[in-house]
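Enquirer: Sharing model.pdb, PDB, C-alpha atoms and all ligand atoms:
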```
MODEL        1
ATOM      1  CA  MET A  28       0.000   0.000   0.000
ATOM      2  CA  ARG A  29       2.758   2.429   0.846
ATOM      3  CA  ASN A  30       4.157   2.316  -2.688
ATOM      4  CA  LYS A  31       0.968   3.632  -4.216
ATOM      5  CA  ARG A  32      -0.521   7.096  -3.804
ATOM      6  CA  TRP A  33      -4.101   7.332  -2.573
ATOM      7  CA  GLU A  34      -5.049   9.195  -5.744
ATOM      8  CA  ASP A  35      -4.104   6.097  -7.748
ATOM      9  CA  PHE A  36      -6.499   3.782  -5.931
ATOM     10  CA  SER A  37      -9.811   3.139  -7.676
ATOM     11  CA  GLU A  38     -13.249   3.456  -6.046
ATOM     12  CA  GLU A  39     -13.453  -0.365  -6.119
ATOM     13  CA  GLU A  40     -10.167  -0.729  -4.233
ATOM     14  CA  ILE A  41     -11.348   1.768  -1.635
ATOM     15  CA  LEU A  42     -14.587  -0.189  -1.300
ATOM     16  CA  GLU A  43     -12.526  -3.359  -0.736
ATOM     17  CA  ALA A  44     -10.551  -1.536   1.967
ATOM     18  CA  ASN A  45     -13.802  -0.503   3.659
ATOM     19  CA  ILE A  46     -15.143  -4.062   3.501
ATOM     20  CA  ALA A  47     -11.947  -5.353   5.138
ATOM     21  CA  LYS A  48     -11.909  -2.609   7.759
ATOM     22  CA  TYR A  49     -15.508  -3.010   8.913
ATOM     23  CA  ASP A  50     -15.112  -6.766   9.095
ATOM     24  CA  GLN A  51     -12.548  -6.374  11.879
ATOM     25  CA  ASP A  52     -13.951  -7.349  15.259
ATOM     26  CA  ALA A  53     -11.991  -4.636  17.101
ATOM     27  CA  ILE A  54     -13.488  -1.892  14.916
ATOM     28  CA  VAL A  55     -16.993  -3.277  15.240
ATOM     29  CA  GLN A  56     -16.549  -3.603  19.010
ATOM     30  CA  PHE A  57     -15.863   0.137  19.209
ATOM     31  CA  TYR A  58     -19.310   0.818  17.751
ATOM     32  CA  GLU A  59     -20.850  -1.870  19.969
ATOM     33  CA  ASP A  60     -19.418  -0.222  23.084
ATOM     34  CA  PHE A  61     -20.172   3.287  21.955
ATOM     35  CA  ASP A  62     -22.767   4.453  24.402
ATOM     36  CA  GLU A  63     -24.749   6.961  22.334
ATOM     37  CA  PRO A  64     -26.499   8.740  25.208
ATOM     38  CA  ARG A  65     -23.124   9.431  26.808
ATOM     39  CA  TYR A  66     -21.768  10.956  23.643
ATOM     40  CA  SER A  67     -25.048  12.426  22.458
ATOM     41  CA  TYR A  68     -24.273  14.298  19.268
ATOM     42  CA  ILE A  69     -26.639  17.187  19.565
ATOM     43  CA  GLU A  70     -25.940  18.401  16.005
ATOM     44  CA  TYR A  71     -27.682  15.308  14.622
ATOM     45  CA  GLU A  72     -30.851  16.039  16.591
ATOM     46  CA  VAL A  73     -30.856  19.734  15.755
ATOM     47  CA  ILE A  74     -30.138  19.400  12.018
ATOM     48  CA  PHE A  75     -32.371  16.356  11.473
ATOM     49  CA  THR A  76     -35.281  17.992  13.318
ATOM     50  CA  SER A  77     -35.053  21.137  11.244
ATOM     51  CA  VAL A  78     -34.840  19.200   7.955
ATOM     52  CA  LEU A  79     -37.558  16.670   8.831
ATOM     53  CA  GLU A  80     -39.994  19.355   9.972
ATOM     54  CA  THR A  81     -39.410  21.357   6.806
ATOM     55  CA  MET A  82     -39.831  18.293   4.598
ATOM     56  CA  ARG A  83     -42.954  17.239   6.414
ATOM     57  CA  LYS A  84     -44.530  20.625   5.653
ATOM     58  CA  LYS A  85     -43.761  20.212   1.948
ATOM     59  CA  LEU A  86     -44.608  16.518   1.628
ATOM     60  CA  GLY A  87     -47.670  16.343   3.848
ATOM     61  CA  ARG A  88     -46.837  12.697   4.612
ATOM     62  CA  PRO A  89     -44.146  10.714   6.479
ATOM     63  CA  VAL A  90     -40.635  11.149   5.124
ATOM     64  CA  ARG A  91     -38.991   8.096   3.514
ATOM     65  CA  ALA A  92     -35.380   8.243   4.670
ATOM     66  CA  VAL A  93     -32.209   6.208   4.111
ATOM     67  CA  ASP A  94     -29.298   6.238   6.553
ATOM     68  CA  MET A  95     -26.622   5.308   4.021
ATOM     69  CA  CYS A  96     -23.402   3.728   5.319
ATOM     70  CA  GLY A  97     -25.333   3.844   8.569
ATOM     71  CA  GLY A  98     -23.151   1.338  10.456
ATOM     72  CA  ALA A  99     -24.380   0.775  13.995
ATOM     73  CA  GLY A 100     -27.393   2.990  13.373
ATOM     74  CA  LYS A 101     -26.683   6.363  14.959
ATOM     75  CA  GLY A 102     -28.253   8.317  12.086
ATOM     76  CA  ALA A 103     -31.210   5.946  11.713
ATOM     77  CA  PHE A 104     -32.010   6.000  15.435
ATOM     78  CA  THR A 105     -31.770   9.782  15.589
ATOM     79  CA  LEU A 106     -34.114  10.139  12.601
ATOM     80  CA  LYS A 107     -36.678   8.004  14.427
ATOM     81  CA  ALA A 108     -36.219   9.965  17.639
ATOM     82  CA  CYS A 109     -36.732  13.277  15.800
ATOM     83  CA  GLN A 110     -39.775  12.152  13.847
ATOM     84  CA  PRO A 111     -41.110   8.742  14.935
ATOM     85  CA  ASP A 112     -43.358   8.232  11.912
ATOM     86  CA  CYS A 113     -40.625   8.637   9.297
ATOM     87  CA  GLN A 114     -39.800   5.446   7.398
ATOM     88  CA  VAL A 115     -36.162   4.605   7.852
ATOM     89  CA  THR A 116     -33.941   2.237   5.881
ATOM     90  CA  LEU A 117     -30.460   1.611   7.248
ATOM     91  CA  VAL A 118     -27.885   0.531   4.662
ATOM     92  CA  ASP A 119     -24.325  -0.625   5.269
ATOM     93  CA  LEU A 120     -21.874  -2.959   3.607
ATOM     94  CA  SER A 121     -20.793  -4.570   6.863
ATOM     95  CA  GLU A 122     -22.955  -7.355   8.236
ATOM     96  CA  LYS A 123     -21.094  -7.100  11.536
ATOM     97  CA  MET A 124     -21.913  -3.394  11.895
ATOM     98  CA  LEU A 125     -25.541  -4.127  11.036
ATOM     99  CA  GLU A 126     -25.617  -6.850  13.704
ATOM    100  CA  VAL A 127     -24.669  -4.173  16.242
ATOM    101  CA  ALA A 128     -27.412  -1.936  14.804
ATOM    102  CA  ARG A 129     -29.976  -4.739  15.147
ATOM    103  CA  ARG A 130     -29.044  -5.297  18.799
ATOM    104  CA  LYS A 131     -29.197  -1.570  19.574
ATOM    105  CA  ALA A 132     -32.504  -1.188  17.710
ATOM    106  CA  GLY A 133     -33.943  -4.064  19.774
ATOM    107  CA  LYS A 134     -32.697  -2.498  23.001
ATOM    108  CA  ASN A 135     -34.331   0.807  22.028
ATOM    109  CA  ARG A 136     -37.514  -0.946  20.847
ATOM    110  CA  LEU A 137     -37.110   0.381  17.335
ATOM    111  CA  HIS A 138     -38.615  -2.486  15.396
ATOM    112  CA  ASP A 139     -39.641  -0.705  12.221
ATOM    113  CA  ILE A 140     -36.251   0.171  10.764
ATOM    114  CA  ASP A 141     -35.558  -1.656   7.529
ATOM    115  CA  ILE A 142     -31.974  -2.951   7.661
ATOM    116  CA  VAL A 143     -30.235  -3.729   4.360
ATOM    117  CA  GLN A 144     -26.763  -5.089   3.780
ATOM    118  CA  ALA A 145     -25.380  -3.533   0.586
ATOM    119  CA  ASP A 146     -22.658  -1.229  -0.551
ATOM    120  CA  ALA A 147     -23.939   2.229  -1.411
ATOM    121  CA  PHE A 148     -23.517   1.985  -5.186
ATOM    122  CA  SER A 149     -25.315  -1.373  -5.371
ATOM    123  CA  PHE A 150     -28.149  -0.093  -3.191
ATOM    124  CA  LEU A 151     -28.564   2.938  -5.442
ATOM    125  CA  GLU A 152     -29.003   0.703  -8.464
ATOM    126  CA  GLN A 153     -32.338  -0.468  -7.038
ATOM    127  CA  ASP A 154     -35.496   1.096  -8.341
ATOM    128  CA  ASN A 155     -36.860   2.710  -5.170
ATOM    129  CA  GLU A 156     -37.438   6.411  -4.529
ATOM    130  CA  TYR A 157     -36.715   8.156  -1.214
ATOM    131  CA  ASP A 158     -37.185  11.657   0.204
ATOM    132  CA  LEU A 159     -34.059  11.874   2.313
ATOM    133  CA  PHE A 160     -30.584  10.337   2.271
ATOM    134  CA  VAL A 161     -28.321  10.785   5.282
ATOM    135  CA  TYR A 162     -24.556  10.294   4.978
ATOM    136  CA  SER A 163     -23.198  10.406   8.509
ATOM    137  CA  SER A 164     -19.441  10.303   8.804
ATOM    138  CA  ALA A 165     -19.528   8.502   5.474
ATOM    139  CA  LEU A 166     -18.550  10.639   2.472
ATOM    140  CA  HIS A 167     -14.883  10.498   3.436
ATOM    141  CA  HIS A 168     -15.000   6.734   2.800
ATOM    142  CA  PHE A 169     -15.439   7.329  -0.931
ATOM    143  CA  LYS A 170     -12.921   8.246  -3.551
ATOM    144  CA  ASP A 171     -15.451  10.399  -5.404
ATOM    145  CA  PRO A 172     -18.237  11.652  -3.127
ATOM    146  CA  ILE A 173     -19.648  13.799  -5.958
ATOM    147  CA  ALA A 174     -20.226  10.776  -8.205
ATOM    148  CA  LEU A 175     -21.884   9.059  -5.253
ATOM    149  CA  LEU A 176     -24.188  12.036  -4.648
ATOM    150  CA  GLN A 177     -25.061  12.225  -8.320
ATOM    151  CA  GLN A 178     -26.241   8.631  -8.204
ATOM    152  CA  THR A 179     -28.020   9.348  -4.907
ATOM    153  CA  ALA A 180     -29.879  12.322  -6.410
ATOM    154  CA  GLU A 181     -31.344  10.034  -9.075
ATOM    155  CA  LYS A 182     -33.186   8.145  -6.345
ATOM    156  CA  LEU A 183     -34.576  11.277  -4.676
ATOM    157  CA  SER A 184     -38.195  12.371  -4.933
ATOM    158  CA  PRO A 185     -38.665  15.876  -6.426
ATOM    159  CA  GLN A 186     -38.835  17.319  -2.888
ATOM    160  CA  GLY A 187     -35.925  15.172  -1.791
ATOM    161  CA  MET A 188     -32.957  16.218   0.320
ATOM    162  CA  ILE A 189     -29.537  14.852   1.225
ATOM    163  CA  ILE A 190     -27.877  15.500   4.577
ATOM    164  CA  SER A 191     -24.169  15.002   4.894
ATOM    165  CA  ILE A 192     -23.015  15.263   8.496
ATOM    166  CA  ALA A 193     -19.889  14.682  10.565
ATOM    167  CA  ASP A 194     -17.270  14.627   7.853
ATOM    168  CA  PRO A 195     -13.907  16.282   8.414
ATOM    169  CA  ASN A 196     -12.929  19.392   6.460
ATOM    170  CA  THR A 197      -9.370  20.370   5.575
ATOM    171  CA  LEU A 198      -8.764  21.998   8.969
ATOM    172  CA  THR A 199      -7.718  18.489  10.009
ATOM    173  CA  MET A 200      -4.462  19.235   8.147
ATOM    174  CA  SER A 201      -3.719  22.306  10.266
ATOM    175  CA  ARG A 202      -1.017  22.305  12.916
ATOM    176  CA  ARG A 203      -3.572  23.359  15.533
ATOM    177  CA  TYR A 204      -5.659  20.283  14.826
ATOM    178  CA  GLY A 205      -2.603  18.013  14.753
ATOM    179  CA  PHE A 206      -1.479  19.326  18.126
ATOM    180  CA  LEU A 207      -4.928  18.874  19.622
ATOM    181  CA  GLN A 208      -5.219  15.344  18.290
ATOM    182  CA  PHE A 209      -1.751  14.487  19.577
ATOM    183  CA  SER A 210      -2.561  15.899  23.031
ATOM    184  CA  ALA A 211      -5.786  13.909  23.259
ATOM    185  CA  SER A 212      -4.290  10.603  22.055
ATOM    186  CA  ASP A 213      -3.198   7.694  24.239
ATOM    187  CA  TRP A 214       0.462   6.893  24.902
ATOM    188  CA  GLU A 215       0.718   4.179  22.220
ATOM    189  CA  THR A 216      -0.587   6.563  19.553
ATOM    190  CA  LYS A 217       1.764   9.299  20.736
ATOM    191  CA  LYS A 218       4.673   6.879  20.428
ATOM    192  CA  GLN A 219       3.606   5.939  16.908
ATOM    193  CA  VAL A 220       3.329   9.588  15.866
ATOM    194  CA  MET A 221       6.767  10.361  17.315
ATOM    195  CA  LYS A 222       8.180   7.284  15.618
ATOM    196  CA  ASN A 223       6.842   8.429  12.259
ATOM    197  CA  LYS A 224       8.147  11.939  12.754
ATOM    198  CA  PHE A 225      11.569  11.119  14.140
ATOM    199  CA  GLY A 226      11.898   7.666  12.552
ATOM    200  CA  ARG A 227      15.678   7.524  12.591
ATOM    201  CA  LEU A 228      15.931   8.105  16.324
ATOM    202  CA  PHE A 229      13.600   5.185  16.962
ATOM    203  CA  GLY A 230      15.132   2.919  14.326
ATOM    204  CA  ALA A 231      12.246   2.982  11.853
ATOM    205  CA  ASP A 232      12.713   2.400   8.141
ATOM    206  CA  THR A 233      13.153   5.976   6.991
ATOM    207  CA  LYS A 234      13.753   4.951   3.393
ATOM    208  CA  GLN A 235      10.019   4.582   2.915
ATOM    209  CA  ASN A 236       8.387   7.353   0.938
ATOM    210  CA  SER A 237       7.088   9.823   3.515
ATOM    211  CA  ASP A 238       4.338  10.971   1.114
ATOM    212  CA  MET A 239       2.618   7.617   1.350
ATOM    213  CA  PRO A 240      -0.282   7.157   3.757
ATOM    214  CA  GLU A 241       0.570   5.514   7.071
ATOM    215  CA  PHE A 242      -3.081   4.573   7.469
ATOM    216  CA  ASP A 243      -5.522   2.388   5.613
ATOM    217  CA  ILE A 244      -7.006   3.838   2.450
ATOM    218  CA  ALA A 245     -10.520   3.507   3.860
ATOM    219  CA  GLU A 246      -9.629   6.362   6.218
ATOM    220  CA  TYR A 247      -7.363   8.470   4.030
ATOM    221  CA  GLN A 248      -9.751  11.409   3.853
ATOM    222  CA  THR A 249     -10.232  11.389   7.615
ATOM    223  CA  PHE A 250      -6.705  12.727   7.781
ATOM    224  CA  THR A 251      -6.683  14.992   4.741
ATOM    225  CA  GLY A 252     -10.254  16.164   5.262
ATOM    226  CA  ILE A 253     -12.632  17.068   2.456
ATOM    227  CA  ASP A 254     -12.443  20.519   0.869
ATOM    228  CA  ASP A 255     -16.028  21.350   1.805
ATOM    229  CA  ILE A 256     -16.056  24.739   0.070
ATOM    230  CA  ALA A 257     -15.053  23.184  -3.274
ATOM    231  CA  PHE A 258     -17.502  20.370  -2.515
ATOM    232  CA  THR A 259     -20.507  22.722  -2.267
ATOM    233  CA  LYS A 260     -19.560  24.237  -5.632
ATOM    234  CA  GLN A 261     -19.148  20.816  -7.272
ATOM    235  CA  VAL A 262     -22.546  19.567  -6.112
ATOM    236  CA  GLN A 263     -24.171  22.439  -7.982
ATOM    237  CA  ASN A 264     -22.715  21.070 -11.219
ATOM    238  CA  ILE A 265     -24.716  17.881 -10.688
ATOM    239  CA  GLY A 266     -28.004  19.679 -10.022
ATOM    240  CA  LEU A 267     -27.968  19.822  -6.211
ATOM    241  CA  GLN A 268     -28.383  23.061  -4.277
ATOM    242  CA  PRO A 269     -26.765  23.606  -0.872
ATOM    243  CA  LEU A 270     -29.512  24.841   1.452
ATOM    244  CA  ILE A 271     -27.446  24.792   4.636
ATOM    245  CA  HIS A 272     -23.688  24.471   4.941
ATOM    246  CA  LEU A 273     -22.081  24.762   8.316
ATOM    247  CA  ARG A 274     -18.769  24.069   9.919
ATOM    248  CA  TYR A 275     -18.756  23.074  13.549
ATOM    249  CA  PRO A 276     -16.472  21.617  16.215
ATOM    250  CA  ALA A 277     -17.590  17.963  16.464
ATOM    251  CA  GLY A 278     -16.664  15.929  19.501
ATOM    252  CA  GLU A 279     -17.558  15.458  23.096
ATOM    253  CA  PRO A 280     -19.432  18.298  24.781
ATOM    254  CA  TYR A 281     -16.568  20.086  26.494
ATOM    255  CA  ILE A 282     -14.437  19.967  23.345
ATOM    256  CA  THR A 283     -17.197  21.366  21.160
ATOM    257  CA  ARG A 284     -17.453  24.395  23.419
ATOM    258  CA  LEU A 285     -13.726  25.064  23.484
ATOM    259  CA  LEU A 286     -12.637  24.469  19.885
ATOM    260  CA  PRO A 287     -14.291  27.520  18.288
ATOM    261  CA  TYR A 288     -12.042  29.734  20.396
ATOM    262  CA  ILE A 289      -9.057  28.404  18.478
ATOM    263  CA  GLY A 290     -10.912  28.442  15.165
ATOM    264  CA  LEU A 291     -11.219  24.658  14.932
ATOM    265  CA  TYR A 292     -14.597  24.181  13.279
ATOM    266  CA  TRP A 293     -13.186  20.992  11.831
ATOM    267  CA  ALA A 294     -16.362  19.122  10.841
ATOM    268  CA  PHE A 295     -18.961  20.095   8.284
ATOM    269  CA  SER A 296     -22.534  19.362   7.503
ATOM    270  CA  THR A 297     -24.382  20.151   4.299
ATOM    271  CA  VAL A 298     -28.063  19.938   3.483
ATOM    272  CA  LEU A 299     -28.698  19.652  -0.254
ATOM    273  CA  HIS A 300     -31.895  19.699  -2.244
ATOM    274  CA  LYS A 301     -32.673  19.073  -5.868
ATOM    275  CA  ASP A 302     -32.596  21.950  -8.285
ATOM    276  CA  THR A 303     -36.118  21.073  -9.298
ATOM    277  CA  GLU A 304     -37.444  22.093  -5.883
ATOM    278  CA  PRO A 305     -36.694  25.819  -5.462
ATOM    279  CA  GLY A 306     -39.513  26.082  -2.892
ATOM    280  CA  TYR A 307     -37.124  25.113  -0.101
ATOM    281  CA  GLN A 308     -35.280  28.434  -0.340
ATOM    282  CA  ILE A 309     -38.086  30.168   1.569
ATOM    283  CA  TYR A 310     -37.303  28.013   4.604
ATOM    284  CA  GLN A 311     -33.571  28.579   4.467
ATOM    285  CA  GLU A 312     -33.222  31.537   6.823
ATOM    286  CA  GLN A 313     -35.602  30.037   9.351
ATOM    287  CA  MET A 314     -33.717  26.717   9.307
ATOM    288  CA  LYS A 315     -30.386  28.470   9.752
ATOM    289  CA  ARG A 316     -31.729  30.428  12.721
ATOM    290  CA  GLU A 317     -33.221  27.306  14.316
ATOM    291  CA  ILE A 318     -30.017  25.335  13.940
ATOM    292  CA  ALA A 319     -27.759  28.112  15.252
ATOM    293  CA  THR A 320     -30.082  28.779  18.209
ATOM    294  CA  ASN A 321     -30.468  25.150  19.231
ATOM    295  CA  LEU A 322     -26.820  24.149  19.069
ATOM    296  CA  PRO A 323     -24.980  24.644  22.355
ATOM    297  CA  PHE A 324     -21.715  25.619  20.615
ATOM    298  CA  ARG A 325     -20.607  28.141  18.015
ATOM    299  CA  ILE A 326     -20.879  27.251  14.343
ATOM    300  CA  LYS A 327     -20.051  28.982  11.069
ATOM    301  CA  TYR A 328     -22.287  29.184   8.043
ATOM    302  CA  TYR A 329     -20.844  29.335   4.538
TER
HETATM  303  C1  LIG A 401     -17.250   5.898  10.156
HETATM  304  S1  LIG A 401     -18.467   4.653   9.982
HETATM  305  C2  LIG A 401     -19.917   5.647  10.213
HETATM  306  C3  LIG A 401     -21.109   4.831  10.653
HETATM  307  C4  LIG A 401     -22.360   5.645  10.923
HETATM  308  N1  LIG A 401     -22.837   6.301   9.733
HETATM  309  C5  LIG A 401     -22.109   6.650  12.051
HETATM  310  O1  LIG A 401     -22.211   7.856  11.808
HETATM  311  O2  LIG A 401     -21.842   6.202  13.166
HETATM  312  C6  LIG A 401     -18.480   4.343   8.242
HETATM  313  C7  LIG A 401     -19.473   3.256   7.814
HETATM  314  O3  LIG A 401     -19.556   3.292   6.403
HETATM  315  C8  LIG A 401     -19.662   1.963   5.919
HETATM  316  N2  LIG A 401     -19.211   1.997   4.534
HETATM  317  C9  LIG A 401     -17.996   2.339   4.054
HETATM  318  N3  LIG A 401     -17.993   2.318   2.716
HETATM  319  C10 LIG A 401     -19.238   1.944   2.329
HETATM  320  C11 LIG A 401     -19.865   1.734   1.073
HETATM  321  N4  LIG A 401     -19.196   1.894  -0.065
HETATM  322  N5  LIG A 401     -21.163   1.339   1.057
HETATM  323  C12 LIG A 401     -21.849   1.149   2.217
HETATM  324  N6  LIG A 401     -21.304   1.339   3.445
HETATM  325  C13 LIG A 401     -20.022   1.738   3.490
HETATM  326  C14 LIG A 401     -18.782   1.168   6.861
HETATM  327  O4  LIG A 401     -19.112  -0.208   6.847
HETATM  328  C15 LIG A 401     -19.073   1.854   8.199
HETATM  329  O5  LIG A 401     -20.120   1.224   8.877
ENDMDL
END
```
Transcribe the structure of this file into structure tokens.
Ligand SMILES: C[S@@+](CC[C@H](N)C(=O)[O-])C[C@H]1O[C@@H](n2cnc3c(N)ncnc32)[C@H](O)[C@@H]1O

Expert:
Amino acid sequence: MRNKRWEDFSEEEILEANIAKYDQDAIVQFYEDFDEPRYSYIEYEVIFTSVLETMRKKLGRPVRAVDMCGGAGKGAFTLKACQPDCQVTLVDLSEKMLEVARRKAGKNRLHDIDIVQADAFSFLEQDNEYDLFVYSSALHHFKDPIALLQQTAEKLSPQGMIISIADPNTLTMSRRYGFLQFSASDWETKKQVMKNKFGRLFGADTKQNSDMPEFDIAEYQTFTGIDDIAFTKQVQNIGLQPLIHLRYPAGEPYITRLLPYIGLYWAFSTVLHKDTEPGYQIYQEQMKREIATNLPFRIKYY
């Protein structure tokens, strides 16, 4: 892997890397142990509520939603909590992640979530239509998120929307972010980072090309981040309109309050709608106000 640049990997190879990664018991266990109420991600509730209420007004019927690459179900469960009558399909390529989702759904008595094992592109080849697609912490797992969204838009109803949430932007490449991440990491990770940086001192093989990723290709864009400003321009070329685009400091509650003071709005969320539905623009200002008011930390709109 280290002899090939990430740019040279194909979408299929990145999919293979994701399949291998989310088949690892240690990774799946992390999601199993993840106690959602303890780490309640308020931005999901606030953004989903605003979008679902707006869509409900336009549709006049329950929203048909897909939590795509939904893993252990955080997005799907939050959709149900925000609007219990919305119809939710949870899609993920990993059967092990979906097993965790099934257990958690049972524990939370959420018996009406449709759970489908499929990779995103295969799922989107099916003939169904939906009103809302959620990509939660997911777009960075794709080589070409724009191509994915183009295919997603084809399965949207005319009033349909797409929410992308909890993806990293390019601030993850800043020194400030690197320092913060280093400070918050455990000792083993710190050692690894030091080893990579000062390889010779620790006896590492320094002949390896330092441009090559040290991490698996499934996570490459976690480290580089996605250029979210370019992203919102590119989606317009495929007929999607950004209704809301915010940067925010994702993480545990105390971190989210502190990070804005050092400018680290390192995550982004975008709400997109189809060009064919200009009627949503009239809700834009109200939605932005609602979201900014209900979030307990500072955000930035773009
Ligand atoms: C970082 S996890 C996020 C899980 C969940 N959305 C959340 O917010 O907790 C990424 C998930 O995407 C899934 N995934 C990665 N590539 C995928 C693809 N091409 N199609 C479907 N699922 C994919 C993985 O199996 C994993 O469950």

Enquirer: Kindly work out which residues sit at most 7 Å from ligand LIG 401 (chain A), using only C-alpha atoms and all ligand atoms, and give the list as a VMD selection string.

Expert: chain A and resid 42 45 to 46 49 95 to 102 118 to 121 124 145 to 148 162 to 165 168 to 169

Enquirer: Using only C-alpha atoms, determine which residues lie at most 12 Å from A:Ser37, disregarding the query and same-chain residues fewer than 3 positions distant; provide the list as a count of residues only.

Expert: 14

Enquirer: Using all atoms listed in the file, find the one residue out of A:Asn135, A:Gln51, A:Gln153, A:Ser201 that sits nearest to A:Gln178.

Expert: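 Nearest candidate to A:Gln178 out of A:Asn135, A:Gln51, A:Gln153, A:Ser201: A:Gln153.
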
Enquirer: With all atoms listed in the file as the basis for distance, which of A:Leu270, A:Met200, A:Ile142, A:Leu299 is at the shortest distance from A:Ile253?

Expert: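 Selected residue with least distance to A:Ile253: A:Met200.
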
Enquirer: Would you mind reading off the distance between atom CA of A:Ala53 and atom CA of A:Ile190, one decimal, in Å?

Expert: 28.5 Å

Enquirer: Can you measure atom CA of A:Ala132 to atom CA of A:Phe104 for me? One decimal in Å is fine.

Expert: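 It comes out at 7.6 Å.
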
Enquirer: Do you have the atom CA of A:Pro269-atom CA of A:Thr76 distance handy?

Expert: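 Interatomic distance here is 17.5 Å.
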
Enquirer: So which one's closest to A:Asp139, A:Leu151, A:Leu207, A:Val115, A:Ile189? Using all atoms listed in the file, please.

Expert: A:Val115

Enquirer: What does the PyMOL selection byres (((chain A and resi 157) around 10) and not hetatm) select in this file, as number ranges by chain?

Expert: A: 90-93, 114-116, 155-156, 158-160, 179-188

Enquirer: Restricting the calculation to all atoms listed in the file: of A:Ala174, A:Val161, A:Leu79, A:Leu86, which residue gets closest to A:Ala108?

Expert: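 Checking each candidate against A:Ala108, we get A:Leu79 as the closest.
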
Enquirer: For A:Gln177, which of A:Arg284, A:Lys301, A:Lys85, A:Arg274 is the closest residue, counting only C-alpha atoms?

Expert: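 Going through A:Arg284, A:Lys301, A:Lys85, A:Arg274 one by one, the smallest distance to A:Gln177 is for A:Lys301.
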